[in-house]
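Coordinates from start.pdb are shown below (PDB, N, CA and C atoms, pLDDT in the B column).
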ATOM      1  N   MET U 653     103.825  35.619 -11.419  1.00 69.00           N
ATOM      2  CA  MET U 653     103.023  34.503 -10.952  1.00 69.00           C
ATOM      3  C   MET U 653     103.304  34.247  -9.474  1.00 69.00           C
ATOM      4  N   SER U 654     102.303  33.844  -8.782  1.00 83.00           N
ATOM      5  CA  SER U 654     102.389  33.617  -7.347  1.00 83.00           C
ATOM      6  C   SER U 654     103.102  32.309  -7.014  1.00 83.00           C
ATOM      7  N   LYS U 655     103.866  32.324  -5.918  1.00 90.00           N
ATOM      8  CA  LYS U 655     104.544  31.110  -5.441  1.00 90.00           C
ATOM      9  C   LYS U 655     103.565  30.174  -4.740  1.00 90.00           C
ATOM     10  N   PHE U 656     102.494  30.736  -4.177  1.00 95.00           N
ATOM     11  CA  PHE U 656     101.578  29.966  -3.336  1.00 95.00           C
ATOM     12  C   PHE U 656     100.164  30.010  -3.885  1.00 95.00           C
ATOM     13  N   LYS U 657      99.357  29.041  -3.398  1.00 95.00           N
ATOM     14  CA  LYS U 657      97.941  29.000  -3.766  1.00 95.00           C
ATOM     15  C   LYS U 657      97.118  28.724  -2.509  1.00 95.00           C
ATOM     16  N   ARG U 658      95.831  28.917  -2.626  1.00 96.00           N
ATOM     17  CA  ARG U 658      94.904  28.682  -1.515  1.00 96.00           C
ATOM     18  C   ARG U 658      95.120  27.272  -0.955  1.00 96.00           C
ATOM     19  N   GLY U 659      95.241  27.191   0.377  1.00 97.00           N
ATOM     20  CA  GLY U 659      95.399  25.906   1.045  1.00 97.00           C
ATOM     21  C   GLY U 659      96.836  25.518   1.335  1.00 97.00           C
ATOM     22  N   ASP U 660      97.807  26.208   0.716  1.00 97.00           N
ATOM     23  CA  ASP U 660      99.209  25.902   1.005  1.00 97.00           C
ATOM     24  C   ASP U 660      99.541  26.249   2.456  1.00 97.00           C
ATOM     25  N   LEU U 661     100.426  25.457   3.044  1.00 98.00           N
ATOM     26  CA  LEU U 661     100.933  25.733   4.388  1.00 98.00           C
ATOM     27  C   LEU U 661     102.246  26.483   4.254  1.00 98.00           C
ATOM     28  N   VAL U 662     102.377  27.564   5.023  1.00 98.00           N
ATOM     29  CA  VAL U 662     103.561  28.411   4.951  1.00 98.00           C
ATOM     30  C   VAL U 662     103.992  28.831   6.354  1.00 98.00           C
ATOM     31  N   LYS U 663     105.214  29.321   6.427  1.00 97.00           N
ATOM     32  CA  LYS U 663     105.764  29.911   7.648  1.00 97.00           C
ATOM     33  C   LYS U 663     106.541  31.145   7.247  1.00 97.00           C
ATOM     34  N   LEU U 664     106.579  32.119   8.131  1.00 97.00           N
ATOM     35  CA  LEU U 664     107.432  33.270   7.894  1.00 97.00           C
ATOM     36  C   LEU U 664     108.886  32.814   7.896  1.00 97.00           C
ATOM     37  N   LYS U 665     109.703  33.383   7.039  1.00 97.00           N
ATOM     38  CA  LYS U 665     111.119  33.040   7.005  1.00 97.00           C
ATOM     39  C   LYS U 665     111.780  33.332   8.349  1.00 97.00           C
ATOM     40  N   SER U 666     111.244  34.278   9.076  1.00 96.00           N
ATOM     41  CA  SER U 666     111.796  34.648  10.388  1.00 96.00           C
ATOM     42  C   SER U 666     111.279  33.761  11.512  1.00 96.00           C
ATOM     43  N   GLY U 667     110.369  32.827  11.204  1.00 95.00           N
ATOM     44  CA  GLY U 667     109.823  31.921  12.216  1.00 95.00           C
ATOM     45  C   GLY U 667     108.349  32.189  12.474  1.00 95.00           C
ATOM     46  N   GLY U 668     107.821  31.576  13.517  1.00 94.00           N
ATOM     47  CA  GLY U 668     106.421  31.760  13.861  1.00 94.00           C
ATOM     48  C   GLY U 668     105.599  30.523  13.571  1.00 94.00           C
ATOM     49  N   PRO U 669     104.277  30.652  13.683  1.00 96.00           N
ATOM     50  CA  PRO U 669     103.395  29.495  13.518  1.00 96.00           C
ATOM     51  C   PRO U 669     103.227  29.089  12.054  1.00 96.00           C
ATOM     52  N   VAL U 670     102.793  27.862  11.855  1.00 97.00           N
ATOM     53  CA  VAL U 670     102.402  27.408  10.518  1.00 97.00           C
ATOM     54  C   VAL U 670     101.084  28.097  10.182  1.00 97.00           C
ATOM     55  N   MET U 671     100.993  28.603   8.957  1.00 98.00           N
ATOM     56  CA  MET U 671      99.805  29.334   8.529  1.00 98.00           C
ATOM     57  C   MET U 671      99.260  28.718   7.245  1.00 98.00           C
ATOM     58  N   THR U 672      97.983  28.926   7.003  1.00 98.00           N
ATOM     59  CA  THR U 672      97.328  28.460   5.780  1.00 98.00           C
ATOM     60  C   THR U 672      97.067  29.653   4.877  1.00 98.00           C
ATOM     61  N   VAL U 673      97.451  29.533   3.606  1.00 98.00           N
ATOM     62  CA  VAL U 673      97.191  30.594   2.634  1.00 98.00           C
ATOM     63  C   VAL U 673      95.693  30.586   2.302  1.00 98.00           C
ATOM     64  N   ILE U 674      95.072  31.739   2.452  1.00 97.00           N
ATOM     65  CA  ILE U 674      93.644  31.894   2.151  1.00 97.00           C
ATOM     66  C   ILE U 674      93.470  32.406   0.724  1.00 97.00           C
ATOM     67  N   THR U 675      94.241  33.414   0.374  1.00 94.00           N
ATOM     68  CA  THR U 675      94.201  33.971  -0.976  1.00 94.00           C
ATOM     69  C   THR U 675      95.516  34.685  -1.246  1.00 94.00           C
ATOM     70  N   VAL U 676      95.792  34.918  -2.509  1.00 94.00           N
ATOM     71  CA  VAL U 676      96.981  35.659  -2.901  1.00 94.00           C
ATOM     72  C   VAL U 676      96.556  36.813  -3.803  1.00 94.00           C
ATOM     73  N   LEU U 677      97.009  38.015  -3.466  1.00 93.00           N
ATOM     74  CA  LEU U 677      96.709  39.187  -4.283  1.00 93.00           C
ATOM     75  C   LEU U 677      97.934  39.549  -5.104  1.00 93.00           C
ATOM     76  N   THR U 678      97.733  39.675  -6.410  1.00 88.00           N
ATOM     77  CA  THR U 678      98.795  40.096  -7.322  1.00 88.00           C
ATOM     78  C   THR U 678      98.222  41.121  -8.297  1.00 88.00           C
ATOM     79  N   GLU U 679      99.089  41.762  -9.023  1.00 81.00           N
ATOM     80  CA  GLU U 679      98.651  42.704 -10.051  1.00 81.00           C
ATOM     81  C   GLU U 679      97.814  41.980 -11.110  1.00 81.00           C
ATOM     82  N   GLU U 680      98.177  40.727 -11.403  1.00 83.00           N
ATOM     83  CA  GLU U 680      97.500  39.957 -12.447  1.00 83.00           C
ATOM     84  C   GLU U 680      96.077  39.542 -12.065  1.00 83.00           C
ATOM     85  N   ASN U 681      95.827  39.288 -10.778  1.00 83.00           N
ATOM     86  CA  ASN U 681      94.501  38.800 -10.393  1.00 83.00           C
ATOM     87  C   ASN U 681      93.666  39.823  -9.628  1.00 83.00           C
ATOM     88  N   LYS U 682      94.118  41.077  -9.600  1.00 81.00           N
ATOM     89  CA  LYS U 682      93.353  42.069  -8.838  1.00 81.00           C
ATOM     90  C   LYS U 682      92.023  42.373  -9.517  1.00 81.00           C
ATOM     91  N   THR U 683      91.062  42.716  -8.689  1.00 79.00           N
ATOM     92  CA  THR U 683      89.739  43.124  -9.159  1.00 79.00           C
ATOM     93  C   THR U 683      89.508  44.554  -8.690  1.00 79.00           C
ATOM     94  N   GLU U 684      88.374  45.091  -9.032  1.00 83.00           N
ATOM     95  CA  GLU U 684      88.060  46.451  -8.599  1.00 83.00           C
ATOM     96  C   GLU U 684      88.074  46.546  -7.070  1.00 83.00           C
ATOM     97  N   SER U 685      87.538  45.529  -6.401  1.00 79.00           N
ATOM     98  CA  SER U 685      87.469  45.577  -4.935  1.00 79.00           C
ATOM     99  C   SER U 685      88.819  45.278  -4.266  1.00 79.00           C
ATOM    100  N   THR U 686      89.645  44.426  -4.882  1.00 85.00           N
ATOM    101  CA  THR U 686      90.929  44.097  -4.252  1.00 85.00           C
ATOM    102  C   THR U 686      92.045  45.066  -4.627  1.00 85.00           C
ATOM    103  N   SER U 687      91.841  45.888  -5.645  1.00 88.00           N
ATOM    104  CA  SER U 687      92.891  46.829  -6.045  1.00 88.00           C
ATOM    105  C   SER U 687      93.187  47.837  -4.944  1.00 88.00           C
ATOM    106  N   VAL U 688      92.185  48.212  -4.159  1.00 88.00           N
ATOM    107  CA  VAL U 688      92.390  49.141  -3.040  1.00 88.00           C
ATOM    108  C   VAL U 688      93.247  48.484  -1.955  1.00 88.00           C
ATOM    109  N   ILE U 689      92.972  47.217  -1.678  1.00 88.00           N
ATOM    110  CA  ILE U 689      93.760  46.477  -0.684  1.00 88.00           C
ATOM    111  C   ILE U 689      95.203  46.344  -1.166  1.00 88.00           C
ATOM    112  N   LEU U 690      95.380  45.967  -2.415  1.00 89.00           N
ATOM    113  CA  LEU U 690      96.717  45.798  -2.975  1.00 89.00           C
ATOM    114  C   LEU U 690      97.496  47.115  -2.934  1.00 89.00           C
ATOM    115  N   GLU U 691      96.843  48.202  -3.258  1.00 88.00           N
ATOM    116  CA  GLU U 691      97.486  49.520  -3.209  1.00 88.00           C
ATOM    117  C   GLU U 691      97.911  49.872  -1.783  1.00 88.00           C
ATOM    118  N   ALA U 692      97.059  49.580  -0.813  1.00 90.00           N
ATOM    119  CA  ALA U 692      97.396  49.858   0.588  1.00 90.00           C
ATOM    120  C   ALA U 692      98.572  49.001   1.061  1.00 90.00           C
ATOM    121  N   LEU U 693      98.591  47.735   0.667  1.00 91.00           N
ATOM    122  CA  LEU U 693      99.694  46.854   1.055  1.00 91.00           C
ATOM    123  C   LEU U 693     101.009  47.320   0.441  1.00 91.00           C
ATOM    124  N   ARG U 694     100.957  47.832  -0.759  1.00 90.00           N
ATOM    125  CA  ARG U 694     102.169  48.302  -1.437  1.00 90.00           C
ATOM    126  C   ARG U 694     102.704  49.593  -0.836  1.00 90.00           C
ATOM    127  N   THR U 695     101.914  50.295  -0.057  1.00 90.00           N
ATOM    128  CA  THR U 695     102.381  51.519   0.592  1.00 90.00           C
ATOM    129  C   THR U 695     103.608  51.226   1.452  1.00 90.00           C
ATOM    130  N   ASN U 696     103.574  50.118   2.193  1.00 88.00           N
ATOM    131  CA  ASN U 696     104.692  49.749   3.062  1.00 88.00           C
ATOM    132  C   ASN U 696     105.677  48.809   2.391  1.00 88.00           C
ATOM    133  N   ASN U 697     105.309  48.242   1.250  1.00 88.00           N
ATOM    134  CA  ASN U 697     106.152  47.269   0.546  1.00 88.00           C
ATOM    135  C   ASN U 697     106.117  47.545  -0.955  1.00 88.00           C
ATOM    136  N   PRO U 698     106.625  48.697  -1.393  1.00 88.00           N
ATOM    137  CA  PRO U 698     106.474  49.073  -2.802  1.00 88.00           C
ATOM    138  C   PRO U 698     107.156  48.133  -3.795  1.00 88.00           C
ATOM    139  N   GLU U 699     108.158  47.397  -3.346  1.00 88.00           N
ATOM    140  CA  GLU U 699     108.880  46.501  -4.245  1.00 88.00           C
ATOM    141  C   GLU U 699     108.225  45.129  -4.375  1.00 88.00           C
ATOM    142  N   CYS U 700     107.207  44.857  -3.572  1.00 89.00           N
ATOM    143  CA  CYS U 700     106.567  43.542  -3.546  1.00 89.00           C
ATOM    144  C   CYS U 700     105.469  43.435  -4.607  1.00 89.00           C
ATOM    145  N   ASP U 701     105.476  42.305  -5.332  1.00 87.00           N
ATOM    146  CA  ASP U 701     104.503  42.085  -6.394  1.00 87.00           C
ATOM    147  C   ASP U 701     103.277  41.307  -5.956  1.00 87.00           C
ATOM    148  N   SER U 702     103.403  40.537  -4.867  1.00 93.00           N
ATOM    149  CA  SER U 702     102.267  39.713  -4.444  1.00 93.00           C
ATOM    150  C   SER U 702     102.253  39.557  -2.925  1.00 93.00           C
ATOM    151  N   PHE U 703     101.039  39.442  -2.421  1.00 94.00           N
ATOM    152  CA  PHE U 703     100.800  39.340  -0.982  1.00 94.00           C
ATOM    153  C   PHE U 703      99.881  38.157  -0.711  1.00 94.00           C
ATOM    154  N   ALA U 704     100.229  37.362   0.301  1.00 96.00           N
ATOM    155  CA  ALA U 704      99.408  36.211   0.674  1.00 96.00           C
ATOM    156  C   ALA U 704      98.625  36.537   1.943  1.00 96.00           C
ATOM    157  N   SER U 705      97.329  36.302   1.897  1.00 96.00           N
ATOM    158  CA  SER U 705      96.498  36.395   3.085  1.00 96.00           C
ATOM    159  C   SER U 705      96.558  35.030   3.759  1.00 96.00           C
ATOM    160  N   CYS U 706      97.014  35.015   5.010  1.00 98.00           N
ATOM    161  CA  CYS U 706      97.206  33.758   5.728  1.00 98.00           C
ATOM    162  C   CYS U 706      96.417  33.763   7.027  1.00 98.00           C
ATOM    163  N   SER U 707      96.001  32.576   7.455  1.00 98.00           N
ATOM    164  CA  SER U 707      95.325  32.443   8.746  1.00 98.00           C
ATOM    165  C   SER U 707      96.057  31.409   9.585  1.00 98.00           C
ATOM    166  N   TRP U 708      95.951  31.574  10.902  1.00 98.00           N
ATOM    167  CA  TRP U 708      96.588  30.670  11.857  1.00 98.00           C
ATOM    168  C   TRP U 708      95.906  30.850  13.202  1.00 98.00           C
ATOM    169  N   PHE U 709      96.157  29.930  14.104  1.00 96.00           N
ATOM    170  CA  PHE U 709      95.656  30.039  15.470  1.00 96.00           C
ATOM    171  C   PHE U 709      96.810  30.457  16.368  1.00 96.00           C
ATOM    172  N   ASP U 710      96.559  31.460  17.224  1.00 94.00           N
ATOM    173  CA  ASP U 710      97.599  31.891  18.154  1.00 94.00           C
ATOM    174  C   ASP U 710      97.619  30.987  19.383  1.00 94.00           C
ATOM    175  N   GLU U 711      98.455  31.335  20.371  1.00 93.00           N
ATOM    176  CA  GLU U 711      98.606  30.513  21.572  1.00 93.00           C
ATOM    177  C   GLU U 711      97.296  30.356  22.347  1.00 93.00           C
ATOM    178  N   SER U 712      96.409  31.335  22.218  1.00 96.00           N
ATOM    179  CA  SER U 712      95.108  31.302  22.908  1.00 96.00           C
ATOM    180  C   SER U 712      94.042  30.609  22.078  1.00 96.00           C
ATOM    181  N   LYS U 713      94.439  29.984  20.969  1.00 95.00           N
ATOM    182  CA  LYS U 713      93.529  29.290  20.050  1.00 95.00           C
ATOM    183  C   LYS U 713      92.570  30.257  19.348  1.00 95.00           C
ATOM    184  N   GLU U 714      92.982  31.531  19.264  1.00 97.00           N
ATOM    185  CA  GLU U 714      92.192  32.534  18.559  1.00 97.00           C
ATOM    186  C   GLU U 714      92.643  32.577  17.102  1.00 97.00           C
ATOM    187  N   LEU U 715      91.678  32.567  16.181  1.00 97.00           N
ATOM    188  CA  LEU U 715      91.979  32.608  14.758  1.00 97.00           C
ATOM    189  C   LEU U 715      92.465  33.998  14.377  1.00 97.00           C
ATOM    190  N   LYS U 716      93.593  34.049  13.685  1.00 97.00           N
ATOM    191  CA  LYS U 716      94.180  35.308  13.216  1.00 97.00           C
ATOM    192  C   LYS U 716      94.288  35.251  11.696  1.00 97.00           C
ATOM    193  N   GLN U 717      94.300  36.423  11.067  1.00 97.00           N
ATOM    194  CA  GLN U 717      94.466  36.498   9.614  1.00 97.00           C
ATOM    195  C   GLN U 717      95.176  37.796   9.283  1.00 97.00           C
ATOM    196  N   GLU U 718      96.136  37.706   8.338  1.00 96.00           N
ATOM    197  CA  GLU U 718      96.927  38.879   7.966  1.00 96.00           C
ATOM    198  C   GLU U 718      97.503  38.676   6.572  1.00 96.00           C
ATOM    199  N   PHE U 719      97.824  39.781   5.902  1.00 96.00           N
ATOM    200  CA  PHE U 719      98.519  39.738   4.615  1.00 96.00           C
ATOM    201  C   PHE U 719     100.018  39.821   4.857  1.00 96.00           C
ATOM    202  N   PHE U 720     100.778  39.028   4.090  1.00 96.00           N
ATOM    203  CA  PHE U 720     102.233  39.044   4.156  1.00 96.00           C
ATOM    204  C   PHE U 720     102.793  39.120   2.741  1.00 96.00           C
ATOM    205  N   PRO U 721     103.870  39.892   2.542  1.00 95.00           N
ATOM    206  CA  PRO U 721     104.535  39.836   1.243  1.00 95.00           C
ATOM    207  C   PRO U 721     104.986  38.398   0.989  1.00 95.00           C
ATOM    208  N   GLU U 722     104.744  37.891  -0.209  1.00 95.00           N
ATOM    209  CA  GLU U 722     105.070  36.493  -0.490  1.00 95.00           C
ATOM    210  C   GLU U 722     106.550  36.176  -0.294  1.00 95.00           C
ATOM    211  N   ASP U 723     107.410  37.144  -0.543  1.00 94.00           N
ATOM    212  CA  ASP U 723     108.843  36.863  -0.412  1.00 94.00           C
ATOM    213  C   ASP U 723     109.302  36.737   1.040  1.00 94.00           C
ATOM    214  N   THR U 724     108.394  36.952   1.996  1.00 96.00           N
ATOM    215  CA  THR U 724     108.727  36.754   3.418  1.00 96.00           C
ATOM    216  C   THR U 724     108.296  35.374   3.905  1.00 96.00           C
ATOM    217  N   LEU U 725     107.708  34.562   3.010  1.00 97.00           N
ATOM    218  CA  LEU U 725     107.165  33.260   3.379  1.00 97.00           C
ATOM    219  C   LEU U 725     107.932  32.112   2.730  1.00 97.00           C
ATOM    220  N   ASP U 726     107.977  30.993   3.441  1.00 97.00           N
ATOM    221  CA  ASP U 726     108.503  29.741   2.905  1.00 97.00           C
ATOM    222  C   ASP U 726     107.414  28.686   2.985  1.00 97.00           C
ATOM    223  N   GLU U 727     107.417  27.770   2.030  1.00 97.00           N
ATOM    224  CA  GLU U 727     106.483  26.656   2.083  1.00 97.00           C
ATOM    225  C   GLU U 727     106.809  25.799   3.295  1.00 97.00           C
ATOM    226  N   TYR U 728     105.760  25.319   3.964  1.00 97.00           N
ATOM    227  CA  TYR U 728     105.946  24.422   5.109  1.00 97.00           C
ATOM    228  C   TYR U 728     105.618  23.000   4.645  1.00 97.00           C
ATOM    229  N   ILE U 729     106.561  22.106   4.806  1.00 92.00           N
ATOM    230  CA  ILE U 729     106.377  20.728   4.383  1.00 92.00           C
ATOM    231  C   ILE U 729     105.991  19.883   5.600  1.00 92.00           C
ATOM    232  N   VAL U 730     104.858  19.223   5.539  1.00 87.00           N
ATOM    233  CA  VAL U 730     104.398  18.347   6.622  1.00 87.00           C
ATOM    234  C   VAL U 730     105.168  17.026   6.512  1.00 87.00           C
ATOM    235  N   GLU U 731     105.794  16.654   7.592  1.00 83.00           N
ATOM    236  CA  GLU U 731     106.579  15.400   7.583  1.00 83.00           C
ATOM    237  C   GLU U 731     105.810  14.266   8.193  1.00 83.00           C
TER     238      GLU U 731
END

Output the file's structure as C-alpha coordinates, nothing else.
Amino acid sequence: MSKFKRGDLVKLKSGGPVMTVITVLTEENKTESTSVILEALRTNNPECDSFASCSWFDESKELKQEFFPEDTLDEYIVE
(Lines of atoms letter the chains of each structure in order from A and count residues from 1; the text may use other names and numbers.)
(Lines give C-alpha, C1' and ligand atoms only; values in the text may rest on other atoms or scores of the structure.)
Protein backbone atom coordinates (compact mmCIF):
# COMPACT_ATOMS: atom_id res chain seq x y z
CA MET A 1 0.00 0.00 0.00
CA SER A 2 1.16 3.49 -0.80
CA LYS A 3 2.30 5.94 1.89
CA PHE A 4 0.98 8.93 -0.09
CA LYS A 5 -2.09 9.96 -2.04
CA ARG A 6 -2.94 12.60 -4.63
CA GLY A 7 -2.63 16.10 -3.15
CA ASP A 8 -0.22 15.21 -0.34
CA LEU A 9 2.70 17.59 0.19
CA VAL A 10 6.10 15.91 0.28
CA LYS A 11 9.81 16.68 0.28
CA LEU A 12 12.78 14.57 -0.68
CA LYS A 13 14.52 13.17 2.39
CA SER A 14 17.70 14.77 1.03
CA GLY A 15 16.03 18.22 0.85
CA GLY A 16 14.70 20.37 -1.95
CA PRO A 17 11.38 22.08 -2.66
CA VAL A 18 7.97 21.13 -1.32
CA MET A 19 6.19 19.04 -3.95
CA THR A 20 2.60 17.93 -4.53
CA VAL A 21 1.86 14.26 -5.19
CA ILE A 22 -0.01 13.94 -8.50
CA THR A 23 -0.32 10.16 -8.62
CA VAL A 24 1.26 7.05 -7.17
CA LEU A 25 2.15 4.00 -9.25
CA THR A 26 2.25 0.61 -7.54
CA GLU A 27 1.99 -3.00 -8.61
CA GLU A 28 -1.53 -3.06 -7.13
CA ASN A 29 -2.90 -0.10 -9.11
CA LYS A 30 -1.05 -0.49 -12.40
CA THR A 31 -3.00 -0.53 -15.64
CA GLU A 32 -2.02 -1.61 -19.12
CA SER A 33 -0.80 1.91 -19.91
CA THR A 34 1.03 2.51 -16.61
CA SER A 35 2.71 -0.90 -16.45
CA VAL A 36 5.29 0.25 -19.02
CA ILE A 37 6.10 3.33 -16.92
CA LEU A 38 6.35 1.24 -13.75
CA GLU A 39 8.65 -1.24 -15.48
CA ALA A 40 10.91 1.58 -16.71
CA LEU A 41 11.07 3.15 -13.24
CA ARG A 42 12.02 -0.20 -11.72
CA THR A 43 14.97 -0.49 -14.10
CA ASN A 44 16.92 1.95 -11.90
CA ASN A 45 15.14 1.06 -8.63
CA PRO A 46 14.41 -2.69 -8.70
CA GLU A 47 13.80 -2.90 -4.95
CA CYS A 48 11.16 -0.13 -4.96
CA ASP A 49 7.47 -1.08 -4.84
CA SER A 50 5.90 2.32 -5.47
CA PHE A 51 6.71 5.59 -7.17
CA ALA A 52 5.11 9.00 -6.63
CA SER A 53 4.70 11.45 -9.48
CA CYS A 54 5.26 14.89 -7.95
CA SER A 55 5.07 18.44 -9.26
CA TRP A 56 6.70 21.63 -7.98
CA PHE A 57 7.80 25.05 -9.17
CA ASP A 58 11.52 25.67 -9.58
CA GLU A 59 13.37 28.92 -8.82
CA SER A 60 12.29 30.31 -12.22
CA LYS A 61 8.62 29.57 -11.40
CA GLU A 62 8.62 26.84 -14.06
CA LEU A 63 6.39 23.84 -13.31
CA LYS A 64 8.34 20.59 -13.02
CA GLN A 65 7.12 17.00 -12.66
CA GLU A 66 9.02 13.78 -11.95
CA PHE A 67 8.60 10.29 -10.49
CA PHE A 68 10.36 9.49 -7.21
CA PRO A 69 10.61 6.22 -5.30
CA GLU A 70 8.23 6.65 -2.36
CA ASP A 71 10.89 5.65 0.15
CA THR A 72 12.91 8.76 -0.81
CA LEU A 73 10.06 11.08 0.26
CA ASP A 74 8.81 12.42 3.58
CA GLU A 75 5.44 13.99 4.25
CA TYR A 76 5.63 17.78 4.51
CA ILE A 77 3.57 19.22 7.35
CA VAL A 78 2.32 22.79 6.84
CA GLU A 79 2.72 24.75 10.06

Identify all residues satisfying the PyMOL selection byres ((chain U and resi 655-668) around 8) in the given file; provide them as a PyMOL selection string.
chain U and resi 653-654+669-676+702+704+722-730

I need the residue set behind the PyMOL selection byres ((chain U and resi 678) around 6) for this file; please write it as a short mmCIF file (atom, residue, chain, number, x, y, z; two decimals) with N, CA and C atoms, in the frame of the given file.
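Output (selection.cif):
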data_model
loop_
_atom_site.label_atom_id
_atom_site.label_comp_id
_atom_site.auth_asym_id
_atom_site.auth_seq_id
_atom_site.Cartn_x
_atom_site.Cartn_y
_atom_site.Cartn_z
N VAL U 676 95.79 34.92 -2.51
CA VAL U 676 96.98 35.66 -2.90
C VAL U 676 96.56 36.81 -3.80
N LEU U 677 97.01 38.02 -3.47
CA LEU U 677 96.71 39.19 -4.28
C LEU U 677 97.93 39.55 -5.10
N GLU U 679 99.09 41.76 -9.02
CA GLU U 679 98.65 42.70 -10.05
C GLU U 679 97.81 41.98 -11.11
N GLU U 680 98.18 40.73 -11.40
CA GLU U 680 97.50 39.96 -12.45
C GLU U 680 96.08 39.54 -12.06
N ASN U 681 95.83 39.29 -10.78
CA ASN U 681 94.50 38.80 -10.39
C ASN U 681 93.67 39.82 -9.63
N LYS U 682 94.12 41.08 -9.60
CA LYS U 682 93.35 42.07 -8.84
C LYS U 682 92.02 42.37 -9.52
N ASP U 701 105.48 42.30 -5.33
CA ASP U 701 104.50 42.08 -6.39
C ASP U 701 103.28 41.31 -5.96
N SER U 702 103.40 40.54 -4.87
CA SER U 702 102.27 39.71 -4.44
C SER U 702 102.25 39.56 -2.92
N PHE U 703 101.04 39.44 -2.42
CA PHE U 703 100.80 39.34 -0.98
C PHE U 703 99.88 38.16 -0.71
#

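Computed from the coordinates, the atom C of Ser707 in chain U to atom C of Phe720 in chain U distance equals 12.3 Å.
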
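These are the residues of chain U assigned alpha helix (DSSP H) by DSSP from backbone coordinates: U:Glu684, U:Ser685, U:Thr686, U:Ser687, U:Val688, U:Ile689, U:Leu690, U:Glu691, U:Ala692, U:Leu693, U:Arg694, U:Thr695, U:Asn696.
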
For the atom pair atom C of Thr695 in chain U and CA of Glu718 in chain U, what is the interatomic distance in Å to one decimal place?
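Distance reported for this atom pair: 15.5 Å.
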
Tell me, which residues of chain U carry DSSP strand (DSSP E or B), written as a PyMOL selection string?
chain U and resi 661-664+671-678+702-709+715-721+725-727

Around all the atoms of range 672-676 of chain U listed in the file, with 3 Å of room on each side, what axis-aligned box do you get, giving centre and edge lengths in Å to one decimal, as AutoDock Vina command-line options?
--center_x 95.7 --center_y 32.6 --center_z 1.6 --size_x 10.5 --size_y 14.4 --size_z 16.8

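Going from CA of Pro698 in chain U to CA of Thr686 in chain U covers 16.4 Å.
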
Between U:Glu731, U:Arg694, U:Pro721, U:Thr683, which is the closest to Cys706 in chain U once you count only C-alpha atoms?
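Smallest separation from Cys706 in chain U among the options: U:Pro721.
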